[in-house]
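K.L.:
There's a structure below that I have some questions on.
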Amino acid sequence: MTLDLYSYEAALRAEYPILCGIDEAGRGPLAGPVCAAACVLPAGLVLEGLNDSKKLSAKRRDALYEEITAKALAWAVCLADEKTVDEINILQATFQAMRGAVSQLPLRPDLCLVDGNQDPRLELPTQTVVKGDASCASIAAASILAKVTRDRLMLAYDEQYPGYGFAAHKGYPTKGHYEAIRTLGLCPIHRRSFFKKHGSA
């Protein structure tokens, strides 16, 4: 692990002591909620193995999740469910979840660092960071919180709605997922609006 992940924030801390990383998980799936997380790490904390959640094994993500939630100054996660996605679209649902996560923090960030290039309009100083989950520690931490939270929820949905394979694909558009939909039809957590875009399964 290099310390490059921490250098981006180190340059900002003199002006913005309380930095909040924000990221989401679940924009692409056909089913389930989109989950956003906000995370404020203490200055000087180095989390061994921290990286973009997509580059880590599930076991490593789970271990980092426990460490992040134990050591962060503040953290929160917020979901926007499939009905919200269908009503206001996935981008706006993602922004809603991000705003919800930030609003749940017990402290007010001086600056919010948001993964990507689109501003969720948080009513706080905000800086978007393209590929921030791979270049900024607090965003990487938020990506892990969001990913682990959503994956655990999809495991529960796998038991509630057996046969779709949610435990394996987490709702993403895999061949097996489409085959299950053709056999079983849509279940209550499927995003109906996505099937208009992707074509009926």
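Simple scheme: letters A, B, ... for chains in structure tokens order, numbers from 1 for residues in each chain, numbers from 1 for ligands in the order shown.
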Find the nearest atom pair between each residue of stretch 54-106 of chain A and stretch 182-191 of chain A for residues within 10 Å, count only C-alpha atoms, give distances in Å to one decimal, sort rows by chain and ascending number, and present the table as JSON lines.
P.N.:
{"residue": "A:Asp81", "atom": "CA", "partner": "A:Ile189", "partner_atom": "CA", "distance": 8.1}
{"residue": "A:Glu82", "atom": "CA", "partner": "A:Arg191", "partner_atom": "CA", "distance": 5.2}
{"residue": "A:Lys83", "atom": "CA", "partner": "A:Arg191", "partner_atom": "CA", "distance": 7.1}
{"residue": "A:Thr84", "atom": "CA", "partner": "A:Arg191", "partner_atom": "CA", "distance": 9.2}
{"residue": "A:Val85", "atom": "CA", "partner": "A:Arg191", "partner_atom": "CA", "distance": 7.0}
{"residue": "A:Asp86", "atom": "CA", "partner": "A:Arg191", "partner_atom": "CA", "distance": 6.2}
{"residue": "A:Glu87", "atom": "CA", "partner": "A:Arg191", "partner_atom": "CA", "distance": 9.9}
{"residue": "A:Asn89", "atom": "CA", "partner": "A:Arg191", "partner_atom": "CA", "distance": 9.9}
{"residue": "A:Ile90", "atom": "CA", "partner": "A:Arg191", "partner_atom": "CA", "distance": 9.6}
K.L.:
Please write the residues from the selection above to a file, keeping N, CA and C atoms, as a compact mmCIF listing (two decimals), in the first residue's frame.
P.N.:
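Wrote part.txt, looks like this:
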# COMPACT_ATOMS: atom_id res chain seq x y z
N ASP A 81 -34.51 3.36 -2.07
CA ASP A 81 -34.98 2.05 -2.52
C ASP A 81 -35.39 2.06 -3.99
N GLU A 82 -35.75 0.87 -4.47
CA GLU A 82 -36.06 0.70 -5.88
C GLU A 82 -37.26 1.56 -6.32
N LYS A 83 -38.19 1.80 -5.43
CA LYS A 83 -39.34 2.64 -5.78
C LYS A 83 -38.90 4.08 -6.01
N THR A 84 -37.98 4.54 -5.17
CA THR A 84 -37.43 5.89 -5.35
C THR A 84 -36.67 5.98 -6.66
N VAL A 85 -35.88 4.96 -6.96
CA VAL A 85 -35.15 4.92 -8.23
C VAL A 85 -36.12 5.05 -9.40
N ASP A 86 -37.22 4.30 -9.33
CA ASP A 86 -38.20 4.34 -10.43
C ASP A 86 -38.90 5.70 -10.52
N GLU A 87 -39.10 6.34 -9.38
CA GLU A 87 -39.85 7.60 -9.36
C GLU A 87 -39.01 8.79 -9.84
N ASN A 89 -35.45 8.62 -10.93
CA ASN A 89 -34.33 8.12 -11.72
C ASN A 89 -33.12 7.82 -10.84
N ILE A 90 -32.21 7.02 -11.35
CA ILE A 90 -31.11 6.50 -10.54
C ILE A 90 -30.15 7.59 -10.10
K.L.:
Write out as a Markdown table the residues of stretch 12-32 of chain A that have any atom within 12 Å of an atom of stretch 62-75 of chain A, one row each with the nearest atom pair and its distance in Å to one decimal, counting only C-alpha atoms, sorted by chain and then rising number.
P.N.:
| residue | atom | partner | partner_atom | distance |
| --- | --- | --- | --- | --- |
| A:Pro17 | CA | A:Leu73 | CA | 12.0 |
| A:Ile18 | CA | A:Leu73 | CA | 9.3 |
| A:Leu19 | CA | A:Leu73 | CA | 10.2 |
| A:Cys20 | CA | A:Trp75 | CA | 8.7 |
| A:Gly21 | CA | A:Trp75 | CA | 9.3 |
| A:Ile22 | CA | A:Trp75 | CA | 9.8 |
| A:Asp23 | CA | A:Trp75 | CA | 11.8 |
K.L.:
Okay, now the selection with C-alpha atoms, as a compact mmCIF listing (two decimals), in the first residue's frame?
P.N.:
# COMPACT_ATOMS: atom_id res chain seq x y z
CA PRO A 17 -9.89 20.23 8.84
CA ILE A 18 -13.06 18.11 8.73
CA LEU A 19 -13.14 16.28 5.41
CA CYS A 20 -16.01 14.00 4.49
CA GLY A 21 -15.72 11.37 1.78
CA ILE A 22 -18.90 10.37 -0.03
CA ASP A 23 -19.51 7.46 -2.39
K.L.:
Which residues come within 12 Å of A:Arg27, counting only C-alpha atoms, excluding same-chain residues fewer than 2 positions away, as a compact mmCIF listing (two decimals) with N, CA and C atoms, in the first residue's frame?
P.N.:
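The file below, part_26.txt, is the result:
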# COMPACT_ATOMS: atom_id res chain seq x y z
N ASP A 23 -19.46 8.34 -1.22
CA ASP A 23 -19.51 7.46 -2.39
C ASP A 23 -20.77 6.62 -2.31
N GLU A 24 -21.07 5.94 -3.41
CA GLU A 24 -22.27 5.12 -3.48
C GLU A 24 -21.94 3.72 -3.96
N ALA A 25 -22.89 2.83 -3.77
CA ALA A 25 -22.84 1.48 -4.33
C ALA A 25 -24.23 1.15 -4.83
N PRO A 29 -27.22 -2.01 -10.65
CA PRO A 29 -28.05 -3.21 -10.54
C PRO A 29 -29.48 -3.02 -11.07
N LEU A 30 -30.10 -4.15 -11.38
CA LEU A 30 -31.50 -4.18 -11.80
C LEU A 30 -32.44 -4.25 -10.62
N ALA A 31 -31.90 -4.50 -9.44
CA ALA A 31 -32.75 -4.71 -8.26
C ALA A 31 -32.09 -4.14 -7.01
N GLY A 32 -32.94 -3.82 -6.04
CA GLY A 32 -32.45 -3.35 -4.76
C GLY A 32 -32.17 -1.86 -4.73
N PRO A 33 -31.76 -1.35 -3.58
CA PRO A 33 -31.55 0.08 -3.42
C PRO A 33 -30.19 0.54 -3.92
N VAL A 34 -30.05 1.83 -4.08
CA VAL A 34 -28.72 2.43 -4.19
C VAL A 34 -28.37 2.89 -2.78
N CYS A 35 -27.12 2.69 -2.40
CA CYS A 35 -26.67 2.99 -1.05
C CYS A 35 -25.54 4.01 -1.10
N ALA A 36 -25.65 5.08 -0.32
CA ALA A 36 -24.59 6.08 -0.24
C ALA A 36 -24.04 6.11 1.17
N LEU A 79 -30.02 4.74 2.26
CA LEU A 79 -30.51 4.00 1.10
C LEU A 79 -31.60 4.78 0.37
N ALA A 80 -31.63 4.62 -0.94
CA ALA A 80 -32.78 5.03 -1.73
C ALA A 80 -33.30 3.76 -2.40
N ASP A 81 -34.51 3.36 -2.07
CA ASP A 81 -34.98 2.05 -2.52
C ASP A 81 -35.39 2.06 -3.99
N GLU A 82 -35.75 0.87 -4.47
CA GLU A 82 -36.06 0.70 -5.88
C GLU A 82 -37.26 1.56 -6.32
N VAL A 85 -35.88 4.96 -6.96
CA VAL A 85 -35.15 4.92 -8.23
C VAL A 85 -36.12 5.05 -9.40
N ASN A 89 -35.45 8.62 -10.93
CA ASN A 89 -34.33 8.12 -11.72
C ASN A 89 -33.12 7.82 -10.84
N ILE A 90 -32.21 7.02 -11.35
CA ILE A 90 -31.11 6.50 -10.54
C ILE A 90 -30.15 7.59 -10.10
N LEU A 91 -29.89 8.57 -10.97
CA LEU A 91 -28.96 9.64 -10.59
C LEU A 91 -29.53 10.46 -9.43
N GLN A 92 -30.78 10.86 -9.54
CA GLN A 92 -31.38 11.67 -8.48
C GLN A 92 -31.56 10.86 -7.20
N ALA A 93 -31.83 9.56 -7.33
CA ALA A 93 -31.93 8.70 -6.15
C ALA A 93 -30.57 8.60 -5.45
N THR A 94 -29.51 8.53 -6.26
CA THR A 94 -28.16 8.49 -5.70
C THR A 94 -27.87 9.78 -4.94
N PHE A 95 -28.19 10.90 -5.54
CA PHE A 95 -27.97 12.19 -4.87
C PHE A 95 -28.79 12.28 -3.59
N ALA A 97 -29.71 9.84 -1.66
CA ALA A 97 -29.06 9.00 -0.65
C ALA A 97 -27.81 9.68 -0.10
N ALA A 146 -20.51 1.78 1.86
CA ALA A 146 -21.68 1.65 1.00
C ALA A 146 -21.78 0.25 0.40
N LYS A 147 -20.66 -0.26 -0.08
CA LYS A 147 -20.65 -1.57 -0.74
C LYS A 147 -21.00 -2.69 0.24
N ARG A 150 -24.72 -2.51 1.30
CA ARG A 150 -25.63 -2.97 0.26
C ARG A 150 -25.51 -4.47 0.02
N LYS A 170 -25.76 -9.82 -6.54
CA LYS A 170 -26.15 -8.59 -5.82
C LYS A 170 -27.09 -7.70 -6.63
N GLY A 171 -27.80 -8.30 -7.56
CA GLY A 171 -28.77 -7.54 -8.34
C GLY A 171 -28.25 -7.00 -9.65
N TYR A 172 -26.97 -7.19 -9.93
CA TYR A 172 -26.40 -6.68 -11.17
C TYR A 172 -26.90 -7.49 -12.37
N PRO A 173 -26.82 -6.91 -13.56
CA PRO A 173 -27.39 -7.55 -14.75
C PRO A 173 -26.52 -8.64 -15.34
N ARG A 191 -36.10 -2.94 -10.14
CA ARG A 191 -36.31 -1.56 -10.58
C ARG A 191 -37.04 -1.60 -11.92
N PHE A 194 -35.67 0.22 -15.04
CA PHE A 194 -34.48 -0.29 -15.70
C PHE A 194 -34.83 -1.25 -16.83
K.L.:
Using 8 Å as the limit and counting only C-alpha atoms, can you tabulate each residue of stretch 84-105 of chain A that touches stretch 116-127 of chain A, with its shortest atom-to-atom distance in Å and the two atoms involved, as a tab-separated table?
P.N.:
residue	atom	partner	partner_atom	distance
A:Phe95	CA	A:Pro120	CA	4.8
A:Gln96	CA	A:Pro120	CA	7.7
A:Met98	CA	A:Pro120	CA	7.1
A:Arg99	CA	A:Leu122	CA	5.7
A:Val102	CA	A:Leu122	CA	7.8
K.L.:
Separation of atom CA of A:Pro106 and atom CA of A:Cys78, in Å?
P.N.:
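These two atoms are separated by 14.2 Å.
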K.L.:
Enter the distance from atom CA of A:Glu179 to atom CA of A:Gly163, in Å, rounded to one decimal.
P.N.:
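Value for the atom CA of A:Glu179-atom CA of A:Gly163 distance: 10.2 Å.
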K.L.:
Which neighbours of A:Asp4 fall inside 10 Å, counting only C-alpha atoms, when residues of the same chain fewer than 5 positions from it are skipped, and could you give them as a ChimeraX atom specification?
P.N.:
/A:9-10,134-137
K.L.:
Contacts of stretch 45-59 of chain A at 6 Å or less, counting only C-alpha atoms, minus same-chain residues fewer than 2 places along, as a list in words?
P.N.:
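The residues satisfying every condition are Pro42, Ala43, Arg61, Asp62, Asp133, Ala134, Ala140, Ser143 and Ile144 of chain A.
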K.L.:
Just give me the gap between atom CA of A:Lys175 and atom CA of A:Leu145 in Å, one decimal is fine.
P.N.:
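Atom-to-atom, atom CA of A:Lys175 and atom CA of A:Leu145 are spaced 27.2 Å apart.
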K.L.:
Where in stretch 105-135 of chain A does DSSP assign strand (DSSP E), given as a list of chain:residue names?
P.N.:
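After running DSSP on the backbone, stretch 105-135 of chain A has strand (DSSP E) at A:Leu111, A:Cys112, A:Leu113, A:Val114, A:Asp115, A:Thr126, A:Gln127, A:Thr128, A:Val129.
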K.L.:
Would you mind exporting the chosen residues as a CSV table (one decimal), in the first residue's frame, restricted to N, CA and C atoms?
P.N.:
chain,number,residue,atom,x,y,z
A,111,LEU,N,-15.6,20.3,4.3
A,111,LEU,CA,-15.6,20.1,2.8
A,111,LEU,C,-16.1,18.6,2.6
A,112,CYS,N,-16.9,18.4,1.6
A,112,CYS,CA,-17.4,17.1,1.2
A,112,CYS,C,-16.7,16.7,-0.1
A,113,LEU,N,-16.0,15.6,-0.1
A,113,LEU,CA,-15.3,15.1,-1.3
A,113,LEU,C,-16.2,14.0,-1.9
A,114,VAL,N,-16.7,14.2,-3.1
A,114,VAL,CA,-17.7,13.3,-3.7
A,114,VAL,C,-17.1,12.5,-4.9
A,115,ASP,N,-17.2,11.2,-4.9
A,115,ASP,CA,-16.6,10.4,-6.0
A,115,ASP,C,-17.4,10.8,-7.3
A,126,THR,N,-18.4,21.5,-1.4
A,126,THR,CA,-18.3,20.2,-2.1
A,126,THR,C,-17.2,20.3,-3.2
A,127,GLN,N,-16.5,19.2,-3.3
A,127,GLN,CA,-15.5,19.0,-4.4
A,127,GLN,C,-15.7,17.6,-5.0
A,128,THR,N,-16.0,17.6,-6.3
A,128,THR,CA,-16.1,16.3,-6.9
A,128,THR,C,-14.7,15.8,-7.3
A,129,VAL,N,-14.5,14.5,-7.2
A,129,VAL,CA,-13.2,13.9,-7.4
A,129,VAL,C,-13.3,12.7,-8.3
K.L.:
Nearest to A:Ser7 among A:Pro162, A:Ile88, A:Asp110, A:Ser138, with distances taken over only C-alpha atoms: which residue is it?
P.N.:
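Ranking A:Pro162, A:Ile88, A:Asp110, A:Ser138 by distance to A:Ser7, first place goes to A:Ser138.
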